[in-house]
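Visitor: Sharing target-v5.pdb (PDB, N, CA and C atoms and all ligand atoms) below.
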ATOM      1  N   MET X1341    -134.493  54.973 116.146  1.00  0.00           N
ATOM      2  CA  MET X1341    -133.803  53.735 116.510  1.00  0.00           C
ATOM      3  C   MET X1341    -132.448  54.081 117.134  1.00  0.00           C
ATOM      4  N   THR X1342    -132.073  53.311 118.117  1.00  0.00           N
ATOM      5  CA  THR X1342    -130.788  53.602 118.747  1.00  0.00           C
ATOM      6  C   THR X1342    -129.670  52.873 117.994  1.00  0.00           C
ATOM      7  N   THR X1343    -128.448  53.225 118.339  1.00  0.00           N
ATOM      8  CA  THR X1343    -127.295  52.673 117.616  1.00  0.00           C
ATOM      9  C   THR X1343    -126.298  52.053 118.590  1.00  0.00           C
ATOM     10  N   CYS X1344    -125.303  51.381 118.028  1.00  0.00           N
ATOM     11  CA  CYS X1344    -124.263  50.737 118.838  1.00  0.00           C
ATOM     12  C   CYS X1344    -123.584  51.715 119.810  1.00  0.00           C
ATOM     13  N   LYS X1345    -123.484  52.971 119.424  1.00  0.00           N
ATOM     14  CA  LYS X1345    -122.796  53.966 120.260  1.00  0.00           C
ATOM     15  C   LYS X1345    -123.378  54.033 121.665  1.00  0.00           C
ATOM     16  N   ASN X1346    -124.685  53.791 121.791  1.00  0.00           N
ATOM     17  CA  ASN X1346    -125.354  53.885 123.091  1.00  0.00           C
ATOM     18  C   ASN X1346    -125.411  52.559 123.837  1.00  0.00           C
ATOM     19  N   CYS X1347    -124.731  51.570 123.349  1.00  0.00           N
ATOM     20  CA  CYS X1347    -124.787  50.228 123.944  1.00  0.00           C
ATOM     21  C   CYS X1347    -123.586  50.011 124.874  1.00  0.00           C
ATOM     22  N   SER X1348    -123.814  49.316 125.980  1.00  0.00           N
ATOM     23  CA  SER X1348    -122.741  49.031 126.946  1.00  0.00           C
ATOM     24  C   SER X1348    -121.629  48.176 126.348  1.00  0.00           C
ATOM     25  N   PHE X1349    -121.933  47.463 125.295  1.00  0.00           N
ATOM     26  CA  PHE X1349    -120.937  46.549 124.710  1.00  0.00           C
ATOM     27  C   PHE X1349    -120.092  47.213 123.631  1.00  0.00           C
ATOM     28  N   TYR X1350    -120.356  48.501 123.394  1.00  0.00           N
ATOM     29  CA  TYR X1350    -119.620  49.188 122.331  1.00  0.00           C
ATOM     30  C   TYR X1350    -118.358  49.847 122.872  1.00  0.00           C
ATOM     31  N   PHE X1351    -117.244  49.597 122.207  1.00  0.00           N
ATOM     32  CA  PHE X1351    -115.965  50.198 122.596  1.00  0.00           C
ATOM     33  C   PHE X1351    -115.353  50.836 121.360  1.00  0.00           C
ATOM     34  N   ALA X1352    -115.228  52.146 121.387  1.00  0.00           N
ATOM     35  CA  ALA X1352    -114.646  52.854 120.246  1.00  0.00           C
ATOM     36  C   ALA X1352    -113.172  52.484 120.116  1.00  0.00           C
ATOM     37  N   VAL X1353    -112.686  52.406 118.904  1.00  0.00           N
ATOM     38  CA  VAL X1353    -111.253  52.202 118.677  1.00  0.00           C
ATOM     39  C   VAL X1353    -110.542  53.469 119.138  1.00  0.00           C
ATOM     40  N   PRO X1354    -109.556  53.359 120.049  1.00  0.00           N
ATOM     41  CA  PRO X1354    -108.883  54.570 120.547  1.00  0.00           C
ATOM     42  C   PRO X1354    -108.151  55.314 119.427  1.00  0.00           C
ATOM     43  N   GLU X1355    -108.090  56.637 119.577  1.00  0.00           N
ATOM     44  CA  GLU X1355    -107.466  57.453 118.535  1.00  0.00           C
ATOM     45  C   GLU X1355    -106.003  57.114 118.304  1.00  0.00           C
ATOM     46  N   ASN X1356    -105.341  56.570 119.317  1.00  0.00           N
ATOM     47  CA  ASN X1356    -103.920  56.240 119.154  1.00  0.00           C
ATOM     48  C   ASN X1356    -103.710  54.812 118.639  1.00  0.00           C
ATOM     49  N   ALA X1357    -104.795  54.106 118.333  1.00  0.00           N
ATOM     50  CA  ALA X1357    -104.662  52.744 117.814  1.00  0.00           C
ATOM     51  C   ALA X1357    -104.322  52.781 116.332  1.00  0.00           C
ATOM     52  N   GLY X1358    -103.569  51.776 115.888  1.00  0.00           N
ATOM     53  CA  GLY X1358    -103.137  51.713 114.496  1.00  0.00           C
ATOM     54  C   GLY X1358    -104.293  51.678 113.516  1.00  0.00           C
ATOM     55  N   ASP X1359    -105.394  51.064 113.934  1.00  0.00           N
ATOM     56  CA  ASP X1359    -106.525  50.931 113.013  1.00  0.00           C
ATOM     57  C   ASP X1359    -107.625  51.938 113.318  1.00  0.00           C
ATOM     58  N   PHE X1360    -107.268  53.063 113.970  1.00  0.00           N
ATOM     59  CA  PHE X1360    -108.282  54.081 114.284  1.00  0.00           C
ATOM     60  C   PHE X1360    -108.919  54.628 113.025  1.00  0.00           C
ATOM     61  N   GLU X1361    -110.217  54.812 113.121  1.00  0.00           N
ATOM     62  CA  GLU X1361    -110.981  55.433 112.036  1.00  0.00           C
ATOM     63  C   GLU X1361    -112.195  56.036 112.712  1.00  0.00           C
ATOM     64  N   ALA X1362    -112.576  57.258 112.368  1.00  0.00           N
ATOM     65  CA  ALA X1362    -113.709  57.903 113.023  1.00  0.00           C
ATOM     66  C   ALA X1362    -114.946  57.025 112.923  1.00  0.00           C
ATOM     67  N   GLY X1363    -115.596  56.806 114.047  1.00  0.00           N
ATOM     68  CA  GLY X1363    -116.838  56.038 114.050  1.00  0.00           C
ATOM     69  C   GLY X1363    -116.656  54.540 114.162  1.00  0.00           C
ATOM     70  N   LYS X1364    -115.400  54.092 114.142  1.00  0.00           N
ATOM     71  CA  LYS X1364    -115.142  52.656 114.179  1.00  0.00           C
ATOM     72  C   LYS X1364    -114.995  52.153 115.613  1.00  0.00           C
ATOM     73  N   GLY X1365    -115.543  50.984 115.880  1.00  0.00           N
ATOM     74  CA  GLY X1365    -115.433  50.419 117.209  1.00  0.00           C
ATOM     75  C   GLY X1365    -115.617  48.925 117.193  1.00  0.00           C
ATOM     76  N   ASP X1366    -115.618  48.358 118.385  1.00  0.00           N
ATOM     77  CA  ASP X1366    -115.822  46.921 118.519  1.00  0.00           C
ATOM     78  C   ASP X1366    -116.994  46.645 119.448  1.00  0.00           C
ATOM     79  N   CYS X1367    -117.717  45.615 119.118  1.00  0.00           N
ATOM     80  CA  CYS X1367    -118.777  45.100 119.979  1.00  0.00           C
ATOM     81  C   CYS X1367    -118.160  43.945 120.747  1.00  0.00           C
ATOM     82  N   VAL X1368    -118.086  44.064 122.064  1.00  0.00           N
ATOM     83  CA  VAL X1368    -117.466  43.029 122.890  1.00  0.00           C
ATOM     84  C   VAL X1368    -118.487  42.553 123.920  1.00  0.00           C
ATOM     85  N   ILE X1369    -118.889  41.321 123.797  1.00  0.00           N
ATOM     86  CA  ILE X1369    -119.910  40.762 124.690  1.00  0.00           C
ATOM     87  C   ILE X1369    -119.290  39.679 125.558  1.00  0.00           C
ATOM     88  N   GLU X1370    -119.500  39.800 126.864  1.00  0.00           N
ATOM     89  CA  GLU X1370    -118.987  38.793 127.791  1.00  0.00           C
ATOM     90  C   GLU X1370    -119.942  37.620 127.840  1.00  0.00           C
ATOM     91  N   LYS X1371    -119.383  36.435 127.700  1.00  0.00           N
ATOM     92  CA  LYS X1371    -120.178  35.200 127.743  1.00  0.00           C
ATOM     93  C   LYS X1371    -119.586  34.307 128.819  1.00  0.00           C
ATOM     94  N   GLU X1372    -120.376  33.340 129.245  1.00  0.00           N
ATOM     95  CA  GLU X1372    -119.847  32.395 130.228  1.00  0.00           C
ATOM     96  C   GLU X1372    -120.412  31.024 129.932  1.00  0.00           C
ATOM     97  N   ASP X1373    -119.529  30.014 129.952  1.00  0.00           N
ATOM     98  CA  ASP X1373    -119.993  28.644 129.808  1.00  0.00           C
ATOM     99  C   ASP X1373    -119.349  27.794 130.887  1.00  0.00           C
ATOM    100  N   ALA X1374    -119.456  26.490 130.784  1.00  0.00           N
ATOM    101  CA  ALA X1374    -118.949  25.592 131.825  1.00  0.00           C
ATOM    102  C   ALA X1374    -117.453  25.786 132.074  1.00  0.00           C
ATOM    103  N   LYS X1375    -116.710  26.193 131.049  1.00  0.00           N
ATOM    104  CA  LYS X1375    -115.261  26.357 131.184  1.00  0.00           C
ATOM    105  C   LYS X1375    -114.864  27.729 131.703  1.00  0.00           C
ATOM    106  N   GLY X1376    -115.800  28.643 131.775  1.00  0.00           N
ATOM    107  CA  GLY X1376    -115.483  29.968 132.300  1.00  0.00           C
ATOM    108  C   GLY X1376    -115.931  31.071 131.371  1.00  0.00           C
ATOM    109  N   LYS X1377    -115.423  32.270 131.651  1.00  0.00           N
ATOM    110  CA  LYS X1377    -115.823  33.446 130.881  1.00  0.00           C
ATOM    111  C   LYS X1377    -115.015  33.581 129.600  1.00  0.00           C
ATOM    112  N   TYR X1378    -115.656  34.117 128.590  1.00  0.00           N
ATOM    113  CA  TYR X1378    -114.950  34.439 127.357  1.00  0.00           C
ATOM    114  C   TYR X1378    -115.648  35.616 126.710  1.00  0.00           C
ATOM    115  N   TRP X1379    -115.003  36.180 125.734  1.00  0.00           N
ATOM    116  CA  TRP X1379    -115.554  37.376 125.100  1.00  0.00           C
ATOM    117  C   TRP X1379    -115.713  37.176 123.601  1.00  0.00           C
ATOM    118  N   LEU X1380    -116.812  37.664 123.104  1.00  0.00           N
ATOM    119  CA  LEU X1380    -117.032  37.654 121.661  1.00  0.00           C
ATOM    120  C   LEU X1380    -116.838  39.081 121.170  1.00  0.00           C
ATOM    121  N   SER X1381    -115.969  39.248 120.217  1.00  0.00           N
ATOM    122  CA  SER X1381    -115.666  40.578 119.713  1.00  0.00           C
ATOM    123  C   SER X1381    -115.883  40.629 118.204  1.00  0.00           C
ATOM    124  N   LYS X1382    -116.528  41.696 117.764  1.00  0.00           N
ATOM    125  CA  LYS X1382    -116.676  41.882 116.316  1.00  0.00           C
ATOM    126  C   LYS X1382    -116.635  43.363 116.013  1.00  0.00           C
ATOM    127  N   PRO X1383    -116.122  43.719 114.856  1.00  0.00           N
ATOM    128  CA  PRO X1383    -116.080  45.135 114.505  1.00  0.00           C
ATOM    129  C   PRO X1383    -117.474  45.693 114.250  1.00  0.00           C
ATOM    130  N   THR X1384    -117.687  46.925 114.636  1.00  0.00           N
ATOM    131  CA  THR X1384    -118.945  47.590 114.331  1.00  0.00           C
ATOM    132  C   THR X1384    -118.676  49.085 114.215  1.00  0.00           C
ATOM    133  N   ARG X1385    -119.723  49.866 114.063  1.00  0.00           N
ATOM    134  CA  ARG X1385    -119.573  51.319 113.930  1.00  0.00           C
ATOM    135  C   ARG X1385    -120.543  52.006 114.891  1.00  0.00           C
ATOM    136  N   ASN X1386    -120.183  53.230 115.296  1.00  0.00           N
ATOM    137  CA  ASN X1386    -121.046  53.900 116.280  1.00  0.00           C
ATOM    138  C   ASN X1386    -122.425  54.245 115.715  1.00  0.00           C
ATOM    139  N   ASP X1387    -122.540  54.274 114.373  1.00  0.00           N
ATOM    140  CA  ASP X1387    -123.843  54.583 113.791  1.00  0.00           C
ATOM    141  C   ASP X1387    -124.576  53.340 113.268  1.00  0.00           C
ATOM    142  N   SER X1388    -124.049  52.152 113.593  1.00  0.00           N
ATOM    143  CA  SER X1388    -124.758  50.930 113.189  1.00  0.00           C
ATOM    144  C   SER X1388    -126.035  50.783 114.007  1.00  0.00           C
ATOM    145  N   PRO X1389    -127.122  50.371 113.390  1.00  0.00           N
ATOM    146  CA  PRO X1389    -128.361  50.161 114.149  1.00  0.00           C
ATOM    147  C   PRO X1389    -128.131  49.106 115.234  1.00  0.00           C
ATOM    148  N   SER X1390    -128.749  49.321 116.383  1.00  0.00           N
ATOM    149  CA  SER X1390    -128.548  48.378 117.482  1.00  0.00           C
ATOM    150  C   SER X1390    -129.145  47.016 117.139  1.00  0.00           C
ATOM    151  N   CYS X1391    -128.562  45.978 117.736  1.00  0.00           N
ATOM    152  CA  CYS X1391    -129.053  44.621 117.498  1.00  0.00           C
ATOM    153  C   CYS X1391    -129.869  44.180 118.717  1.00  0.00           C
ATOM    154  N   LYS X1392    -130.339  42.939 118.714  1.00  0.00           N
ATOM    155  CA  LYS X1392    -131.205  42.502 119.817  1.00  0.00           C
ATOM    156  C   LYS X1392    -130.443  42.290 121.122  1.00  0.00           C
ATOM    157  N   ALA X1393    -129.113  42.254 121.069  1.00  0.00           N
ATOM    158  CA  ALA X1393    -128.313  42.133 122.302  1.00  0.00           C
ATOM    159  C   ALA X1393    -128.043  43.497 122.950  1.00  0.00           C
ATOM    160  N   PHE X1394    -128.586  44.572 122.371  1.00  0.00           N
ATOM    161  CA  PHE X1394    -128.363  45.929 122.887  1.00  0.00           C
ATOM    162  C   PHE X1394    -128.624  46.009 124.376  1.00  0.00           C
ATOM    163  N   LYS X1395    -127.718  46.700 125.078  1.00  0.00           N
ATOM    164  CA  LYS X1395    -127.870  46.853 126.517  1.00  0.00           C
ATOM    165  C   LYS X1395    -127.373  48.233 126.942  1.00  0.00           C
ATOM    166  N   THR X1396    -128.120  48.871 127.836  1.00  0.00           N
ATOM    167  CA  THR X1396    -127.645  50.131 128.380  1.00  0.00           C
ATOM    168  C   THR X1396    -127.108  49.875 129.796  1.00  0.00           C
ATOM    169  N   ALA X1397    -126.203  50.742 130.217  1.00  0.00           N
ATOM    170  CA  ALA X1397    -125.550  50.558 131.512  1.00  0.00           C
ATOM    171  C   ALA X1397    -126.558  50.680 132.650  1.00  0.00           C
TER     172      ALA X1397
HETATM  173  S1  LIG X1401    -123.872  44.967 117.792  1.00  0.00           S
HETATM  174 FE1  LIG X1401    -125.529  44.888 119.336  1.00  0.00          FE
HETATM  175  S2  LIG X1401    -124.515  44.239 121.239  1.00  0.00           S
HETATM  176 FE2  LIG X1401    -122.922  44.921 119.825  1.00  0.00          FE
HETATM  177  S3  LIG X1401    -122.553  47.059 120.317  1.00  0.00           S
HETATM  178 FE3  LIG X1401    -124.079  47.015 118.692  1.00  0.00          FE
HETATM  179  S4  LIG X1401    -126.064  47.038 119.728  1.00  0.00           S
HETATM  180 FE4  LIG X1401    -124.522  46.470 121.246  1.00  0.00          FE
END
I'd like the structure from this file rewritten - as structure tokens, please.
Ligand code: SF4

Guide:
Amino acid sequence: MTTCKNCSFYFAVPENAGDFEAGKGDCVIEKEDAKGKYWLSKPTRNDSPSCKAFKTA
């Protein structure tokens, strides 16, 4: 099974960030509705199993 690390929506927390932790990242998905674009962000980990929104570049 693949993991969040291989997904286009996965962004690792940078090492210089205050909340850096090995393997920690955010899942950021771009959405669009009548009012325009917005982003949904939630914390995840690079070894979390991929979800059904998984996407490769
Ligand atoms: S939670 Fe799903 S959409 Fe988000 S990074 Fe992981 S696999 Fe990708």

Visitor: Name the residues of chain X that come out as strand (DSSP E or B) in a backbone DSSP run; write them as a PyMOL selection string.

Guide: chain X and resi 1343+1350-1352+1364-1373+1376-1385+1389

Visitor: Which residue is closest to Trp1379 of chain X? Choose from X:Ala1357, X:Cys1367, X:Thr1396, X:Met1341 and count only N, CA and C atoms.

Guide: X:Cys1367

Visitor: Work out how far apart atom C of Ala1352 of chain X and atom FE3 of ligand LIG 1401 (chain X) are and give it in Å to one decimal.

Guide: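 Answer for the atom C of Ala1352 of chain X to atom FE3 of ligand LIG 1401 (chain X) separation: 12.3 Å.
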
Visitor: Show me a table, sorted first by chain and then by increasing residue number, of the residues of chain X having an atom at most 6.5 Å from ligand LIG 1401 (chain X), each with its shortest atom pair and the distance in Å to one decimal, counting only N, CA and C atoms and all ligand atoms and written as JSON lines.

Guide:
{"residue": "X:Thr1343", "atom": "C", "partner": "X:LIG1401", "partner_atom": "S4", "distance": 5.1}
{"residue": "X:Cys1344", "atom": "CA", "partner": "X:LIG1401", "partner_atom": "FE3", "distance": 3.7}
{"residue": "X:Lys1345", "atom": "N", "partner": "X:LIG1401", "partner_atom": "FE3", "distance": 6.0}
{"residue": "X:Cys1347", "atom": "CA", "partner": "X:LIG1401", "partner_atom": "FE4", "distance": 4.6}
{"residue": "X:Ser1348", "atom": "N", "partner": "X:LIG1401", "partner_atom": "FE4", "distance": 5.6}
{"residue": "X:Phe1349", "atom": "C", "partner": "X:LIG1401", "partner_atom": "S3", "distance": 4.1}
{"residue": "X:Tyr1350", "atom": "N", "partner": "X:LIG1401", "partner_atom": "S3", "distance": 4.0}
{"residue": "X:Phe1351", "atom": "N", "partner": "X:LIG1401", "partner_atom": "S3", "distance": 6.2}
{"residue": "X:Asp1366", "atom": "C", "partner": "X:LIG1401", "partner_atom": "S3", "distance": 5.6}
{"residue": "X:Cys1367", "atom": "CA", "partner": "X:LIG1401", "partner_atom": "FE2", "distance": 4.2}
{"residue": "X:Val1368", "atom": "N", "partner": "X:LIG1401", "partner_atom": "FE2", "distance": 5.4}
{"residue": "X:Ser1388", "atom": "C", "partner": "X:LIG1401", "partner_atom": "FE3", "distance": 6.3}
{"residue": "X:Pro1389", "atom": "C", "partner": "X:LIG1401", "partner_atom": "S4", "distance": 5.4}
{"residue": "X:Ser1390", "atom": "CA", "partner": "X:LIG1401", "partner_atom": "S4", "distance": 3.6}
{"residue": "X:Cys1391", "atom": "N", "partner": "X:LIG1401", "partner_atom": "S4", "distance": 3.4}
{"residue": "X:Lys1392", "atom": "N", "partner": "X:LIG1401", "partner_atom": "FE1", "distance": 5.2}
{"residue": "X:Ala1393", "atom": "C", "partner": "X:LIG1401", "partner_atom": "S2", "distance": 4.0}
{"residue": "X:Phe1394", "atom": "CA", "partner": "X:LIG1401", "partner_atom": "S4", "distance": 4.1}
{"residue": "X:Lys1395", "atom": "N", "partner": "X:LIG1401", "partner_atom": "FE4", "distance": 5.0}

Visitor: Step by step, gather every atom of segment 1345-1360 of chain X that the file lists, find the box along x, y and z that holds them, add 3 Å on each side, and finally give centre and edge lengths in Å to one decimal, as lines of an AutoDock Vina configuration file.

Guide:
center_x = -114.3
center_y = 52.0
center_z = 120.0
size_x = 28.3
size_y = 16.9
size_z = 19.9

Visitor: How many Å separate atom CA of Tyr1378 of chain X from atom CA of Val1353 of chain X?

Guide: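 Straight-line distance from atom CA of Tyr1378 of chain X to atom CA of Val1353 of chain X works out to 20.1 Å.
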
Visitor: Apply the PyMOL selection byres (((chain X and resi 1385) around 5) and not hetatm) to the file shown and report the selected residues as an NGL selection string.

Guide: :X and (1363-1365 or 1383-1384 or 1386-1388)

Visitor: Could you tell me how far atom CA of Pro1354 of chain X sits from atom C of Ile1369 of chain X, in Å to one decimal place?

Guide: 18.8 Å
